[in-house]
Amino acid sequence: MSYLSQPHFHDEEAAHKWVESRLWPDGPECPRCGENKRVGKLKGKSTRIGVHKCYKCRKPFTVKIGTIFESSHIPLKKWLQAIFLISSSKKGISSNQLHRTLDITLKSAWFMSHRIREAMRSGSLTPMGGGGGIVEADETYIGQKKGKRIKRGGSNKFTVLTLVDRTGEARSFKIDRADMGTVIPIVRENIDQETTVMTDEATIYKALEVGFEGHETVVHSKGEYGRGEIHTNTVEGYFSIFKRGMKGVYQHCSEKHLHRYLAEYDFRYNNRVKLGIDDQQRADALLQGVKGKRLTYRTPDRGLNHDAKSQTQNL
């Protein structure tokens with residue numbers, strides 16, 4: 001039996017039980033006051049699936065409250081299908097494809113995709129590398145800034161900095177410009193000092209010669225792409241998947257949403273088969289990220305509104 005034939009993908013009650021078992025391993029917990037003892041099923045007063053009541057704050061709740069699922073009218077079983085499809089597609093899956101596959105509107109599919117990408121954002125501050133490990137750093141350019149003509153070079157494109165630990169983890173950042181003042185602080189904040197950093201010959205990385213166990217470079221301008229273990233081929237491989245997905249699947253990305261697309265590709269890279277993580281485990285890992293993250297729909301001219309208290313963002 002294939003994984004997609006599991007009951008939680010096709011039955012709404014089974015979907016709620018599946019999510020509850022993963023987000024509430026110790027039983028139902030009130031998202032408002034944190035109570036997990038004086039909690040029970042709400043009976044006779046609601047026909048909604050999975051409704052519980054907290055007898056401390058006297059409020060009803062479901063497992064969707066405080067997650068990316070909150071206030072969504074899309075069945076939870078379709079959310080789980082979308083999570084599996086996005087997490088198992090190496091280069092991503094377009095909103096048009098989700099719209100056709102899940103039989104929901106295109107607008108809903110687009111909004112659902114961004115909520116799922118928000119759940120993929122880890123925000124990890126644990127230093128990469130360490131113990132004599134190797135981390136590669138490189139920058140790339142993608143897309144086109146609004147109002148800018150296409151021309152050679154990266155001045156009219158969005159700039160992305162990516163760090164890749166050869167043991168598995170990748171972290172990508174949307175940056176304003178690729179200069180020493182922008183790149184070096186990010187590298188130092190995210191990489192352990194007991195690490196050898198591999199870069200190309202760009203002058204912005206010269207400051208890395210101090211503060212790390214080592215700094216090795218390859219000179220791409222002279223046709224050099226590796227000297228034994230000294231290379232940046234790992235991060236270049238990450239960029240190849242990222243760019244093929246962005247150009248071939250998503251085709252267009254506005255600047256204000258780029259950080260979520262980067263989170264998507266980082267998540268799949270950090271939970272890939274080579275690290276012993278299959279599609280089911282990757283989807284389960286993504287499900288763990290839905291708590292405490294919400295996106296509410298707003299018209300583009302209102303921009304992003306960050307509310308630290310509710311951890312809610314507006315699209």
# chains A, B, ... in the order shown; residues from 1 in each chain; ligands from 1
>>> select_by_dssp(residues="stretch 176-212 of chain A", states="helix (DSSP H, G or I)", output="list in words")
Met180, Gly181, Thr182, Val183, Ile184, Pro185, Ile186, Val187, Arg188, Glu189, Asn190, Thr203, Ile204, Tyr205, Lys206, Ala207, Leu208 and Glu209 of chain A
>>> residues_around(residues="A:Tyr225", least_positions_apart="3", cutoff="12 Å", atoms="only C-alpha atoms", output="VMD selection string")
chain A and resid 198 to 201 217 to 222 228 to 234 236
>>> write_last_selection(atoms="N, CA and C atoms", output="PDB file, in the first residue's frame")
ATOM      1  N   MET A 198      35.297  27.211   2.737  1.00  0.00           N
ATOM      2  CA  MET A 198      35.685  27.134   1.324  1.00  0.00           C
ATOM      3  C   MET A 198      34.883  28.181   0.532  1.00  0.00           C
ATOM      4  N   THR A 199      35.559  29.002  -0.250  1.00  0.00           N
ATOM      5  CA  THR A 199      34.894  30.007  -1.080  1.00  0.00           C
ATOM      6  C   THR A 199      35.594  30.091  -2.435  1.00  0.00           C
ATOM      7  N   ASP A 200      35.043  30.940  -3.308  1.00  0.00           N
ATOM      8  CA  ASP A 200      35.762  31.244  -4.549  1.00  0.00           C
ATOM      9  C   ASP A 200      36.713  32.407  -4.260  1.00  0.00           C
ATOM     10  N   GLU A 201      37.264  32.990  -5.314  1.00  0.00           N
ATOM     11  CA  GLU A 201      38.311  34.002  -5.128  1.00  0.00           C
ATOM     12  C   GLU A 201      37.772  35.404  -4.881  1.00  0.00           C
ATOM     13  N   THR A 217      40.433  28.737  -1.017  1.00  0.00           N
ATOM     14  CA  THR A 217      39.705  29.285  -2.165  1.00  0.00           C
ATOM     15  C   THR A 217      40.036  28.521  -3.448  1.00  0.00           C
ATOM     16  N   VAL A 218      39.086  28.576  -4.369  1.00  0.00           N
ATOM     17  CA  VAL A 218      39.334  28.087  -5.727  1.00  0.00           C
ATOM     18  C   VAL A 218      39.167  29.275  -6.668  1.00  0.00           C
ATOM     19  N   VAL A 219      39.987  29.320  -7.706  1.00  0.00           N
ATOM     20  CA  VAL A 219      39.985  30.469  -8.614  1.00  0.00           C
ATOM     21  C   VAL A 219      39.191  30.105  -9.869  1.00  0.00           C
ATOM     22  N   HIS A 220      37.921  30.393  -9.851  1.00  0.00           N
ATOM     23  CA  HIS A 220      37.059  30.056 -10.987  1.00  0.00           C
ATOM     24  C   HIS A 220      37.450  30.824 -12.250  1.00  0.00           C
ATOM     25  N   SER A 221      37.949  32.044 -12.064  1.00  0.00           N
ATOM     26  CA  SER A 221      38.296  32.864 -13.227  1.00  0.00           C
ATOM     27  C   SER A 221      39.425  32.254 -14.045  1.00  0.00           C
ATOM     28  N   LYS A 222      40.189  31.349 -13.448  1.00  0.00           N
ATOM     29  CA  LYS A 222      41.285  30.668 -14.156  1.00  0.00           C
ATOM     30  C   LYS A 222      40.916  29.238 -14.523  1.00  0.00           C
ATOM     31  N   GLY A 228      41.471  18.592  -4.931  1.00  0.00           N
ATOM     32  CA  GLY A 228      41.150  17.627  -3.887  1.00  0.00           C
ATOM     33  C   GLY A 228      39.879  18.004  -3.171  1.00  0.00           C
ATOM     34  N   GLU A 229      39.961  18.160  -1.839  1.00  0.00           N
ATOM     35  CA  GLU A 229      38.768  18.523  -1.069  1.00  0.00           C
ATOM     36  C   GLU A 229      38.510  20.028  -1.063  1.00  0.00           C
ATOM     37  N   ILE A 230      39.403  20.798  -1.701  1.00  0.00           N
ATOM     38  CA  ILE A 230      39.211  22.251  -1.776  1.00  0.00           C
ATOM     39  C   ILE A 230      38.363  22.575  -3.002  1.00  0.00           C
ATOM     40  N   HIS A 231      37.090  22.871  -2.785  1.00  0.00           N
ATOM     41  CA  HIS A 231      36.171  23.207  -3.868  1.00  0.00           C
ATOM     42  C   HIS A 231      34.894  23.801  -3.276  1.00  0.00           C
ATOM     43  N   THR A 232      34.065  24.352  -4.143  1.00  0.00           N
ATOM     44  CA  THR A 232      32.743  24.850  -3.734  1.00  0.00           C
ATOM     45  C   THR A 232      31.647  24.144  -4.542  1.00  0.00           C
ATOM     46  N   ASN A 233      31.936  22.910  -4.944  1.00  0.00           N
ATOM     47  CA  ASN A 233      30.998  22.182  -5.792  1.00  0.00           C
ATOM     48  C   ASN A 233      29.701  21.807  -5.061  1.00  0.00           C
ATOM     49  N   THR A 234      29.776  21.667  -3.729  1.00  0.00           N
ATOM     50  CA  THR A 234      28.574  21.306  -2.973  1.00  0.00           C
ATOM     51  C   THR A 234      27.549  22.436  -3.002  1.00  0.00           C
ATOM     52  N   GLU A 236      27.507  24.856  -5.159  1.00  0.00           N
ATOM     53  CA  GLU A 236      27.112  25.045  -6.560  1.00  0.00           C
ATOM     54  C   GLU A 236      26.012  24.041  -6.936  1.00  0.00           C
TER      55      GLU A 236
END
>>> closest_atom_pairs(of="stretch 207-285 of chain A", to="stretch 60-81 of chain A", cutoff="12 Å", atoms="only C-alpha atoms", output="tab-separated table")
residue	atom	partner	partner_atom	distance
A:Gln280	CA	A:Leu80	CA	11.2
A:Ala283	CA	A:Leu80	CA	8.5
A:Asp284	CA	A:Leu80	CA	9.7
>>> write_last_selection(atoms="C-alpha atoms", output="compact mmCIF listing (two decimals), in the first residue's frame")
# COMPACT_ATOMS: atom_id res chain seq x y z
CA GLN A 280 7.23 10.25 4.78
CA ALA A 283 6.55 15.34 5.57
CA ASP A 284 6.41 14.52 9.28
>>> atom_distance(atom1="atom CA of A:Leu23", atom2="atom CA of A:Lys41")
16.7 Å
>>> select_by_dssp(residues="stretch 95-228 of chain A", states="strand (DSSP E)", output="MDAnalysis selection string")
chainID A and resid 133:142 158:165 170:175 195:200 214:218
>>> write_last_selection(atoms="N, CA and C atoms", output="compact mmCIF listing (two decimals), in the first residue's frame")
# COMPACT_ATOMS: atom_id res chain seq x y z
N GLY A 133 35.27 20.60 10.71
CA GLY A 133 34.43 20.38 9.53
C GLY A 133 34.66 21.43 8.46
N ILE A 134 33.94 21.25 7.33
CA ILE A 134 34.08 22.16 6.18
C ILE A 134 32.71 22.74 5.83
N VAL A 135 32.68 24.06 5.66
CA VAL A 135 31.48 24.76 5.22
C VAL A 135 31.82 25.57 3.99
N GLU A 136 31.02 25.45 2.95
CA GLU A 136 31.22 26.22 1.72
C GLU A 136 30.29 27.43 1.71
N ALA A 137 30.77 28.54 1.19
CA ALA A 137 29.98 29.77 1.11
C ALA A 137 30.07 30.33 -0.30
N ASP A 138 28.95 30.77 -0.82
CA ASP A 138 28.94 31.36 -2.16
C ASP A 138 27.67 32.19 -2.31
N GLU A 139 27.68 33.07 -3.27
CA GLU A 139 26.50 33.90 -3.55
C GLU A 139 26.06 33.69 -4.99
N THR A 140 24.80 33.94 -5.25
CA THR A 140 24.27 33.81 -6.60
C THR A 140 23.21 34.88 -6.81
N TYR A 141 22.76 35.01 -8.05
CA TYR A 141 21.78 36.05 -8.40
C TYR A 141 20.62 35.40 -9.14
N ILE A 142 19.40 35.88 -8.85
CA ILE A 142 18.23 35.27 -9.45
C ILE A 142 17.11 36.29 -9.57
N PHE A 158 18.04 39.73 -7.64
CA PHE A 158 18.07 39.50 -6.21
C PHE A 158 19.34 38.71 -5.86
N THR A 159 19.93 39.05 -4.74
CA THR A 159 21.17 38.39 -4.32
C THR A 159 20.90 37.39 -3.22
N VAL A 160 21.46 36.20 -3.36
CA VAL A 160 21.28 35.13 -2.38
C VAL A 160 22.65 34.64 -1.92
N LEU A 161 22.83 34.54 -0.62
CA LEU A 161 24.03 33.96 -0.02
C LEU A 161 23.66 32.62 0.59
N THR A 162 24.42 31.58 0.28
CA THR A 162 24.14 30.25 0.83
C THR A 162 25.39 29.67 1.47
N LEU A 163 25.21 29.09 2.65
CA LEU A 163 26.25 28.36 3.36
C LEU A 163 25.85 26.89 3.39
N VAL A 164 26.77 26.01 3.02
CA VAL A 164 26.49 24.57 3.00
C VAL A 164 27.54 23.82 3.80
N ASP A 165 27.10 23.15 4.84
CA ASP A 165 27.97 22.27 5.62
C ASP A 165 28.04 20.94 4.88
N ALA A 170 22.16 23.24 4.92
CA ALA A 170 22.30 24.44 4.09
C ALA A 170 21.48 25.57 4.71
N ARG A 171 22.02 26.78 4.64
CA ARG A 171 21.30 27.97 5.08
C ARG A 171 21.44 29.04 4.02
N SER A 172 20.30 29.58 3.60
CA SER A 172 20.32 30.59 2.54
C SER A 172 19.73 31.90 3.05
N PHE A 173 20.26 33.00 2.54
CA PHE A 173 19.86 34.33 2.99
C PHE A 173 19.65 35.24 1.79
N LYS A 174 18.55 35.95 1.78
CA LYS A 174 18.35 36.98 0.78
C LYS A 174 19.03 38.23 1.31
N ILE A 175 20.02 38.76 0.58
CA ILE A 175 20.78 39.92 1.05
C ILE A 175 20.64 41.07 0.06
N THR A 195 36.17 25.67 12.05
CA THR A 195 35.68 25.20 10.75
C THR A 195 36.59 25.75 9.65
N THR A 196 36.79 24.96 8.61
CA THR A 196 37.47 25.45 7.42
C THR A 196 36.41 25.91 6.43
N VAL A 197 36.54 27.15 6.00
CA VAL A 197 35.56 27.74 5.08
C VAL A 197 36.11 27.70 3.66
N MET A 198 35.30 27.21 2.74
CA MET A 198 35.69 27.13 1.32
C MET A 198 34.88 28.18 0.53
N THR A 199 35.56 29.00 -0.25
CA THR A 199 34.89 30.01 -1.08
C THR A 199 35.59 30.09 -2.44
N ASP A 200 35.04 30.94 -3.31
CA ASP A 200 35.76 31.24 -4.55
C ASP A 200 36.71 32.41 -4.26
N GLY A 214 40.51 27.58 9.08
CA GLY A 214 41.16 27.71 7.79
C GLY A 214 40.23 28.36 6.78
N HIS A 215 40.81 28.91 5.73
CA HIS A 215 40.04 29.49 4.64
C HIS A 215 40.74 29.14 3.34
N GLU A 216 40.07 28.33 2.52
CA GLU A 216 40.63 27.90 1.24
C GLU A 216 39.78 28.43 0.10
N THR A 217 40.43 28.74 -1.02
CA THR A 217 39.70 29.28 -2.16
C THR A 217 40.04 28.52 -3.45
N VAL A 218 39.09 28.58 -4.37
CA VAL A 218 39.33 28.09 -5.73
C VAL A 218 39.17 29.28 -6.67
>>> residues_around(residues="A:Arg22", least_positions_apart="6", cutoff="12 Å", atoms="only C-alpha atoms", output="JSON, numbers by chain")
{"A": [15, 16, 28, 63, 283, 284, 285, 286, 287, 288, 289, 290, 291]}
>>> residues_around(residues="A:Thr126", least_positions_apart="3", cutoff="10 Å", atoms="only C-alpha atoms", output="number ranges by chain")
A: 123, 129, 189-192
>>> atom_distance(atom1="atom CA of A:Phe111", atom2="atom CA of A:Cys253")
13.9 Å
>>> atom_distance(atom1="atom CA of A:Tyr250", atom2="atom CA of A:Ser94")
5.8 Å
>>> closest_residue(among="A:Asn271, A:Leu295, A:Glu13, A:Ile184", to="A:Thr47", atoms="only C-alpha atoms")
A:Glu13
>>> residues_around(residues="A:Ala109", least_positions_apart="2", cutoff="8 Å", atoms="only C-alpha atoms", output="list in words")
Ser95, Asn96, Leu98, His99, Ile104, Thr105, Leu106, Lys107, Phe111, Met112 and Ser113 of chain A
>>> closest_residue(among="A:Asn156, A:Gly181, A:Arg260, A:Lys90", to="A:Phe242", atoms="only C-alpha atoms")
A:Lys90
>>> closest_residue(among="A:Asn36, A:Val51, A:Glu194, A:Ser122", to="A:Asn270", atoms="only C-alpha atoms")
A:Ser122
